[in-house]
Structures are given as structure tokens and as C-alpha cells.
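One file, start10.csv, carrying CSV, N, CA and C atoms:
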chain,number,residue,atom,x,y,z
P,88,MET,N,89.7,172.8,200.6
P,88,MET,CA,90.8,173.5,201.3
P,88,MET,C,91.2,174.7,200.4
P,89,THR,N,90.5,175.7,200.4
P,89,THR,CA,90.7,176.9,199.5
P,89,THR,C,91.9,177.7,200.0
P,90,TYR,N,92.3,177.6,201.2
P,90,TYR,CA,93.4,178.4,201.7
P,90,TYR,C,94.8,177.9,201.2
P,91,VAL,N,94.9,176.8,200.7
P,91,VAL,CA,96.2,176.2,200.3
P,91,VAL,C,96.7,176.9,199.0
P,92,ALA,N,95.9,177.0,198.0
P,92,ALA,CA,96.4,177.5,196.7
P,92,ALA,C,97.0,178.9,196.8
P,93,PRO,N,96.3,179.9,197.5
P,93,PRO,CA,96.9,181.2,197.6
P,93,PRO,C,98.3,181.2,198.2
P,94,PHE,N,98.5,180.3,199.2
P,94,PHE,CA,99.8,180.2,199.9
P,94,PHE,C,100.8,179.8,198.9
P,95,VAL,N,100.5,178.7,198.1
P,95,VAL,CA,101.4,178.2,197.1
P,95,VAL,C,101.7,179.3,196.0
P,96,LYS,N,100.7,180.0,195.6
P,96,LYS,CA,100.9,181.0,194.6
P,96,LYS,C,101.9,182.1,195.1
P,97,VAL,N,101.7,182.5,196.3
P,97,VAL,CA,102.6,183.5,196.9
P,97,VAL,C,104.0,183.0,196.9
P,98,CYS,N,104.2,181.7,197.3
P,98,CYS,CA,105.5,181.1,197.4
P,98,CYS,C,106.2,181.0,196.1
P,99,THR,N,105.4,180.6,195.1
P,99,THR,CA,106.0,180.3,193.8
P,99,THR,C,106.1,181.5,192.9
P,100,SER,N,105.5,182.6,193.3
P,100,SER,CA,105.6,183.8,192.5
P,100,SER,C,106.8,184.7,192.8
P,101,PHE,N,107.5,184.4,193.9
P,101,PHE,CA,108.7,185.1,194.2
P,101,PHE,C,109.8,184.8,193.2
P,102,ARG,N,110.7,185.7,192.9
P,102,ARG,CA,111.8,185.5,192.0
P,102,ARG,C,112.9,184.7,192.6
P,103,ASN,N,112.9,184.5,193.9
P,103,ASN,CA,113.8,183.7,194.6
P,103,ASN,C,113.5,182.2,194.3
P,104,ALA,N,114.3,181.6,193.5
P,104,ALA,CA,114.0,180.2,193.1
P,104,ALA,C,114.1,179.2,194.3
P,105,GLU,N,114.8,179.6,195.4
P,105,GLU,CA,114.9,178.7,196.5
P,105,GLU,C,113.7,178.7,197.4
P,106,LEU,N,112.8,179.6,197.3
P,106,LEU,CA,111.6,179.7,198.2
P,106,LEU,C,110.7,178.4,198.0
P,107,PRO,N,110.3,178.0,196.7
P,107,PRO,CA,109.5,176.8,196.6
P,107,PRO,C,110.2,175.6,197.3
P,108,ARG,N,111.6,175.5,197.1
P,108,ARG,CA,112.3,174.4,197.6
P,108,ARG,C,112.2,174.4,199.2
P,109,LYS,N,112.3,175.6,199.7
P,109,LYS,CA,112.2,175.8,201.2
P,109,LYS,C,110.9,175.4,201.7
P,110,VAL,N,109.8,175.7,200.9
P,110,VAL,CA,108.5,175.3,201.3
P,110,VAL,C,108.4,173.8,201.3
P,111,ILE,N,108.9,173.2,200.2
P,111,ILE,CA,108.9,171.7,200.1
P,111,ILE,C,109.6,171.1,201.3
P,112,THR,N,110.8,171.6,201.6
P,112,THR,CA,111.6,171.1,202.6
P,112,THR,C,110.9,171.2,204.0
P,113,HIS,N,110.2,172.3,204.2
P,113,HIS,CA,109.5,172.5,205.5
P,113,HIS,C,108.3,171.5,205.5
P,114,VAL,N,107.5,171.4,204.5
P,114,VAL,CA,106.3,170.6,204.5
P,114,VAL,C,106.6,169.1,204.5
P,115,ASN,N,107.6,168.7,203.7
P,115,ASN,CA,107.9,167.3,203.5
P,115,ASN,C,108.9,166.9,204.6
P,116,GLY,N,109.5,167.8,205.3
P,116,GLY,CA,110.5,167.4,206.3
P,116,GLY,C,111.7,166.7,205.7
P,117,THR,N,112.2,167.2,204.6
P,117,THR,CA,113.3,166.5,203.9
P,117,THR,C,114.7,167.0,204.4
P,118,GLY,N,114.6,168.0,205.3
P,118,GLY,CA,115.9,168.4,205.9
P,118,GLY,C,116.8,169.1,205.0
P,119,GLY,N,116.3,169.8,204.0
P,119,GLY,CA,117.2,170.6,203.1
P,119,GLY,C,117.6,169.8,201.9
P,120,GLU,N,117.2,168.5,201.8
P,120,GLU,CA,117.6,167.7,200.6
P,120,GLU,C,116.8,168.1,199.4
P,121,GLY,N,115.7,168.7,199.5
P,121,GLY,CA,114.9,169.1,198.4
P,121,GLY,C,114.2,167.9,197.7
P,122,ALA,N,114.1,168.1,196.3
P,122,ALA,CA,113.3,167.1,195.6
P,122,ALA,C,114.0,165.7,195.6
P,123,LYS,N,113.2,164.7,195.6
P,123,LYS,CA,113.7,163.3,195.6
P,123,LYS,C,113.6,162.8,194.1
P,124,LEU,N,112.5,163.2,193.4
P,124,LEU,CA,112.4,162.7,192.1
P,124,LEU,C,113.4,163.4,191.1
P,125,SER,N,113.9,162.6,190.2
P,125,SER,CA,114.9,163.1,189.3
P,125,SER,C,114.4,163.6,188.0
P,126,GLU,N,113.2,163.1,187.6
P,126,GLU,CA,112.6,163.5,186.3
P,126,GLU,C,111.1,163.8,186.5
P,127,LYS,N,110.6,164.5,185.5
P,127,LYS,CA,109.2,165.0,185.5
P,127,LYS,C,108.3,163.8,185.5
P,128,PRO,N,107.4,163.6,186.5
P,128,PRO,CA,106.5,162.5,186.5
P,128,PRO,C,105.5,162.5,185.4
P,129,ASP,N,105.0,161.4,184.9
P,129,ASP,CA,104.0,161.3,183.9
P,129,ASP,C,102.6,161.5,184.5
P,130,ILE,N,102.0,162.7,184.1
P,130,ILE,CA,100.7,163.0,184.7
P,130,ILE,C,99.7,163.1,183.5
P,131,GLY,N,98.5,162.5,183.7
P,131,GLY,CA,97.5,162.5,182.7
P,131,GLY,C,96.8,163.8,182.6
P,132,GLU,N,96.0,164.0,181.5
P,132,GLU,CA,95.3,165.2,181.2
P,132,GLU,C,94.3,165.6,182.3
P,133,THR,N,93.5,164.6,182.8
P,133,THR,CA,92.6,164.9,183.8
P,133,THR,C,93.3,165.3,185.1
P,134,GLU,N,94.4,164.6,185.4
P,134,GLU,CA,95.2,165.0,186.6
P,134,GLU,C,95.8,166.4,186.5
P,135,LEU,N,96.2,166.8,185.3
P,135,LEU,CA,96.7,168.1,185.1
P,135,LEU,C,95.6,169.2,185.4
P,136,LYS,N,94.4,168.9,184.9
P,136,LYS,CA,93.3,169.8,185.1
P,136,LYS,C,93.0,169.9,186.6
P,137,ILE,N,93.0,168.8,187.3
P,137,ILE,CA,92.7,168.8,188.7
P,137,ILE,C,93.8,169.6,189.4
P,138,LEU,N,95.0,169.3,189.1
P,138,LEU,CA,96.2,170.1,189.7
P,138,LEU,C,96.0,171.6,189.5
P,139,SER,N,95.6,172.0,188.3
P,139,SER,CA,95.5,173.4,187.9
P,139,SER,C,94.3,174.0,188.7
P,140,LEU,N,93.2,173.3,188.8
P,140,LEU,CA,92.1,173.8,189.6
P,140,LEU,C,92.3,173.9,191.1
P,141,LEU,N,93.0,172.9,191.6
P,141,LEU,CA,93.4,172.8,193.0
P,141,LEU,C,94.3,174.0,193.3
P,142,TYR,N,95.3,174.2,192.4
P,142,TYR,CA,96.2,175.4,192.5
P,142,TYR,C,95.5,176.7,192.4
P,143,SER,N,94.4,176.8,191.7
P,143,SER,CA,93.7,178.0,191.6
P,143,SER,C,92.8,178.3,192.8
P,144,GLY,N,92.7,177.4,193.7
P,144,GLY,CA,92.0,177.6,195.0
P,144,GLY,C,90.7,176.9,195.2
P,145,LEU,N,90.4,176.0,194.2
P,145,LEU,CA,89.1,175.3,194.3
P,145,LEU,C,89.3,174.1,195.3
P,146,ASP,N,88.2,173.7,196.0
P,146,ASP,CA,88.2,172.5,196.8
P,146,ASP,C,87.8,171.3,195.9
P,147,ASP,N,87.8,170.1,196.5
P,147,ASP,CA,87.5,168.9,195.7
P,147,ASP,C,86.1,168.9,195.2
P,148,ALA,N,85.1,169.4,195.9
P,148,ALA,CA,83.8,169.4,195.5
P,148,ALA,C,83.6,170.3,194.3
P,149,SER,N,84.2,171.5,194.3
P,149,SER,CA,84.1,172.4,193.2
P,149,SER,C,84.8,171.9,191.9
P,150,ILE,N,85.9,171.2,192.1
P,150,ILE,CA,86.7,170.6,191.0
P,150,ILE,C,85.8,169.5,190.4
P,151,ALA,N,85.2,168.7,191.2
P,151,ALA,CA,84.3,167.6,190.7
P,151,ALA,C,83.2,168.2,189.9
P,152,ARG,N,82.5,169.2,190.4
P,152,ARG,CA,81.4,169.8,189.6
P,152,ARG,C,82.0,170.4,188.3
P,153,ARG,N,83.1,171.1,188.3
P,153,ARG,CA,83.6,171.8,187.1
P,153,ARG,C,84.0,170.7,186.1
P,154,LEU,N,84.6,169.6,186.5
P,154,LEU,CA,85.1,168.6,185.5
P,154,LEU,C,84.1,167.5,185.3
P,155,ASN,N,82.9,167.6,185.9
P,155,ASN,CA,81.9,166.6,185.8
P,155,ASN,C,82.4,165.2,186.3
P,156,LEU,N,83.0,165.2,187.4
P,156,LEU,CA,83.6,164.0,188.0
P,156,LEU,C,82.9,163.8,189.4
P,157,GLY,N,83.0,162.6,189.9
P,157,GLY,CA,82.6,162.4,191.3
P,157,GLY,C,83.6,163.0,192.3
P,158,HIS,N,83.0,163.4,193.4
P,158,HIS,CA,83.9,164.0,194.5
P,158,HIS,C,85.0,163.0,194.9
P,159,ARG,N,84.6,161.7,195.1
P,159,ARG,CA,85.6,160.7,195.5
P,159,ARG,C,86.6,160.5,194.4
P,160,THR,N,86.2,160.6,193.2
P,160,THR,CA,87.2,160.4,192.1
P,160,THR,C,88.3,161.5,192.1
P,161,VAL,N,87.8,162.7,192.4
P,161,VAL,CA,88.8,163.8,192.5
P,161,VAL,C,89.7,163.6,193.7
P,162,GLN,N,89.2,163.1,194.8
P,162,GLN,CA,90.0,162.8,196.0
P,162,GLN,C,91.0,161.8,195.7
P,163,ARG,N,90.6,160.7,195.0
P,163,ARG,CA,91.6,159.7,194.6
P,163,ARG,C,92.7,160.2,193.7
P,164,HIS,N,92.3,161.1,192.7
P,164,HIS,CA,93.3,161.7,191.9
P,164,HIS,C,94.3,162.5,192.7
P,165,VAL,N,93.8,163.3,193.6
P,165,VAL,CA,94.7,164.1,194.4
P,165,VAL,C,95.6,163.3,195.3
P,166,GLN,N,95.1,162.2,195.8
P,166,GLN,CA,95.9,161.2,196.6
P,166,GLN,C,97.0,160.6,195.7
P,167,GLY,N,96.6,160.2,194.5
P,167,GLY,CA,97.6,159.7,193.6
P,167,GLY,C,98.7,160.6,193.2
P,168,LEU,N,98.3,161.9,193.0
P,168,LEU,CA,99.2,162.9,192.6
P,168,LEU,C,100.2,163.2,193.8
P,169,MET,N,99.7,163.2,195.0
P,169,MET,CA,100.5,163.4,196.2
P,169,MET,C,101.5,162.3,196.3
P,170,THR,N,101.1,161.0,196.0
P,170,THR,CA,102.0,159.9,196.0
P,170,THR,C,103.1,160.0,195.0
P,171,ARG,N,102.7,160.3,193.7
P,171,ARG,CA,103.6,160.3,192.6
P,171,ARG,C,104.6,161.5,192.7
P,172,LEU,N,104.1,162.6,193.2
P,172,LEU,CA,105.0,163.8,193.4
P,172,LEU,C,105.7,163.8,194.7
P,173,GLU,N,105.5,162.8,195.5
P,173,GLU,CA,106.1,162.6,196.8
P,173,GLU,C,105.8,163.9,197.7
P,174,ALA,N,104.6,164.3,197.7
P,174,ALA,CA,104.2,165.5,198.5
P,174,ALA,C,103.4,165.0,199.7
P,175,ALA,N,103.7,165.6,200.9
P,175,ALA,CA,103.1,165.2,202.1
P,175,ALA,C,101.8,165.9,202.3
P,176,GLY,N,101.4,166.9,201.6
P,176,GLY,CA,100.1,167.5,201.7
P,176,GLY,C,99.8,168.3,200.5
P,177,ARG,N,98.7,169.1,200.5
P,177,ARG,CA,98.3,169.9,199.3
P,177,ARG,C,99.2,171.0,199.1
P,178,VAL,N,99.7,171.7,200.1
P,178,VAL,CA,100.7,172.8,199.9
P,178,VAL,C,101.9,172.2,199.2
P,179,ALA,N,102.4,171.1,199.7
P,179,ALA,CA,103.6,170.5,199.1
P,179,ALA,C,103.3,170.0,197.6
P,180,LEU,N,102.1,169.6,197.4
P,180,LEU,CA,101.7,169.1,196.1
P,180,LEU,C,101.8,170.3,195.1
P,181,GLY,N,101.3,171.5,195.5
P,181,GLY,CA,101.3,172.6,194.6
P,181,GLY,C,102.8,173.1,194.4
P,182,ALA,N,103.6,173.0,195.4
P,182,ALA,CA,105.0,173.4,195.3
P,182,ALA,C,105.7,172.4,194.4
P,183,ARG,N,105.5,171.1,194.5
P,183,ARG,CA,106.1,170.1,193.7
P,183,ARG,C,105.7,170.2,192.3
P,184,ALA,N,104.4,170.4,192.0
P,184,ALA,CA,103.9,170.6,190.7
P,184,ALA,C,104.5,171.8,190.0
P,185,GLN,N,104.7,172.9,190.7
P,185,GLN,CA,105.4,174.1,190.2
P,185,GLN,C,106.8,173.7,189.9
P,186,GLU,N,107.5,173.0,190.8
P,186,GLU,CA,108.9,172.7,190.6
P,186,GLU,C,109.1,171.9,189.4
P,187,PHE,N,108.2,171.0,189.0
P,187,PHE,CA,108.3,170.1,187.8
P,187,PHE,C,107.7,170.8,186.6
P,188,GLY,N,107.3,172.0,186.7
P,188,GLY,CA,106.7,172.7,185.6
P,188,GLY,C,105.3,172.2,185.1
P,189,LEU,N,104.6,171.6,186.0
P,189,LEU,CA,103.3,171.1,185.7
P,189,LEU,C,102.2,172.1,185.7
P,190,LEU,N,102.5,173.3,186.3
P,190,LEU,CA,101.5,174.4,186.4
P,190,LEU,C,101.9,175.5,185.5
P,191,GLY,N,102.2,175.3,184.3
P,191,GLY,CA,102.6,176.4,183.4
P,191,GLY,C,101.4,177.4,183.2
P,192,ARG,N,101.7,178.5,182.6
P,192,ARG,CA,100.7,179.5,182.5
P,192,ARG,C,99.5,179.0,181.7
P,193,SER,N,99.6,178.1,180.8
P,193,SER,CA,98.5,177.6,180.0
P,193,SER,C,97.6,176.7,180.8
P,194,ASN,N,98.2,176.1,181.9
P,194,ASN,CA,97.4,175.2,182.8
P,194,ASN,C,96.6,175.9,183.9
P,195,ARG,N,97.0,177.1,184.3
P,195,ARG,CA,96.4,177.7,185.5
P,195,ARG,C,95.0,178.1,185.2
P,196,GLY,N,94.1,177.6,186.1
P,196,GLY,CA,92.7,177.9,186.0
P,196,GLY,C,92.0,177.2,184.9
P,197,ALA,N,92.6,176.3,184.2
P,197,ALA,CA,92.0,175.7,183.0
P,197,ALA,C,90.9,174.8,183.4
P,198,ALA,N,89.9,174.7,182.6
P,198,ALA,CA,88.7,173.8,182.8
P,198,ALA,C,88.2,173.3,181.6

Structure encoded using C-alpha cells:
Amino acid sequence: MTYVAPFVKVCTSFRNAELPRKVITHVNGTGGEGAKLSEKPDIGETELKILSLLYSGLDDASIARRLNLGHRTVQRHVQGLMTRLEAAGRVALGARAQEFGLLGRSNRGAA
């Protein structure tokens, strides 16, 4: 799903700090309540790499090839990340990762 990451990049690049929260609210349907998690979730090194590559616009198969992982392994990691970050989809996952500072400049596009 390569169309997801550019949308998230546009949303998170605005100076308006409320925009990512509005995207999360819309995608998760939280009705303006915003983030449910109170602290930064514990994410492993491989998951951070997957998040970063997903955010840069790669699909699961491309991420699997780049990290020398199985396609299904990447899918499982993405599902696990969506659960832990309480994201309803990949767009929300990118927004939530950005909200928690998991996609710092050093992580973007890392491989």
C-alpha cells in the first residue's frame, strides 16, 4: 500500500500540531478524544525499521526483501504494531508512530 505513507508525510509535515491528531481522530473514530496511550510503547529494533520503511512508502513485500524477512513476518509485525499503537489502519499507524516520536529523522528510510 504505497499510497499510505505520502498521505501521512503530508499530514505530519504541517506545522499545525493538531493535524496528526485530527487524522488519528478521523481514522480511529475516537470522536476528538485523541490518543488513548499515555506513554511511548516499547517497540523493538526490527519493528522500528519496518515502521520507518512503511512510512517511507514501501509495501510489505519490498520491506521483506530489504530487511531479508519473510513477507508474512512483516505482515505480522505490522499487525502487532497496529495493535500496540491502537491504530485502526496503516494511515493511523503512521500518524500514531509520528505522535509518539517513533519516526525521528534518524529513522526515516533507514534500512

_Env of Asp147 of chain P: 9 Å cut, atoms = only C-alpha atoms, seq-sep filter 4 positions within chain, self excluded. Answer as an NGL selection string._
:P and (88 or 137 or 141 or 151-152 or 158-159 or 161-162 or 165)

Save out the residues we just selected, N, CA and C atoms, as an mmCIF file, in the coordinates of the input.
data_model
loop_
_atom_site.group_PDB
_atom_site.id
_atom_site.type_symbol
_atom_site.label_atom_id
_atom_site.label_comp_id
_atom_site.auth_asym_id
_atom_site.auth_seq_id
_atom_site.Cartn_x
_atom_site.Cartn_y
_atom_site.Cartn_z
ATOM 1 N N MET P 88 89.700 172.800 200.600
ATOM 2 C CA MET P 88 90.800 173.500 201.300
ATOM 3 C C MET P 88 91.200 174.700 200.400
ATOM 4 N N ILE P 137 93.000 168.800 187.300
ATOM 5 C CA ILE P 137 92.700 168.800 188.700
ATOM 6 C C ILE P 137 93.800 169.600 189.400
ATOM 7 N N LEU P 141 93.000 172.900 191.600
ATOM 8 C CA LEU P 141 93.400 172.800 193.000
ATOM 9 C C LEU P 141 94.300 174.000 193.300
ATOM 10 N N ALA P 151 85.200 168.700 191.200
ATOM 11 C CA ALA P 151 84.300 167.600 190.700
ATOM 12 C C ALA P 151 83.200 168.200 189.900
ATOM 13 N N ARG P 152 82.500 169.200 190.400
ATOM 14 C CA ARG P 152 81.400 169.800 189.600
ATOM 15 C C ARG P 152 82.000 170.400 188.300
ATOM 16 N N HIS P 158 83.000 163.400 193.400
ATOM 17 C CA HIS P 158 83.900 164.000 194.500
ATOM 18 C C HIS P 158 85.000 163.000 194.900
ATOM 19 N N ARG P 159 84.600 161.700 195.100
ATOM 20 C CA ARG P 159 85.600 160.700 195.500
ATOM 21 C C ARG P 159 86.600 160.500 194.400
ATOM 22 N N VAL P 161 87.800 162.700 192.400
ATOM 23 C CA VAL P 161 88.800 163.800 192.500
ATOM 24 C C VAL P 161 89.700 163.600 193.700
ATOM 25 N N GLN P 162 89.200 163.100 194.800
ATOM 26 C CA GLN P 162 90.000 162.800 196.000
ATOM 27 C C GLN P 162 91.000 161.800 195.700
ATOM 28 N N VAL P 165 93.800 163.300 193.600
ATOM 29 C CA VAL P 165 94.700 164.100 194.400
ATOM 30 C C VAL P 165 95.600 163.300 195.300
#

_DSSP alpha helix (DSSP H) selection over segment 124-184 of chain P, as an MDAnalysis selection string_ = chainID P and resid 132:142 147:154 158:171 177:184

_Nearest residue to Ala184 of chain P from the set P:Leu138, P:Leu154, P:Thr133, P:Thr160 (distances using only N, CA and C atoms)_ =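 The shortest atom-to-atom distance to Ala184 of chain P comes from P:Leu138.
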
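In this structure, atom C of Gly181 of chain P sits 23.5 Å away from atom CA of Asn155 of chain P.
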
*Quick one, how far is atom C of Arg153 of chain P from atom N of Gln166 of chain P?*
17.0 Å

*Choose the residue, out of P:Leu172, P:Leu156, P:Ala148, P:Leu140, that has the smallest atom-to-atom separation from Pro128 of chain P; count all atoms listed in the file.*
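So, comparing all the options, the nearest one is P:Leu172.
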
*Interatomic distance between atom CA of Ser149 of chain P and atom CA of Ala175 of chain P?*
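Atom CA of Ser149 of chain P sits 22.2 Å away from atom CA of Ala175 of chain P.
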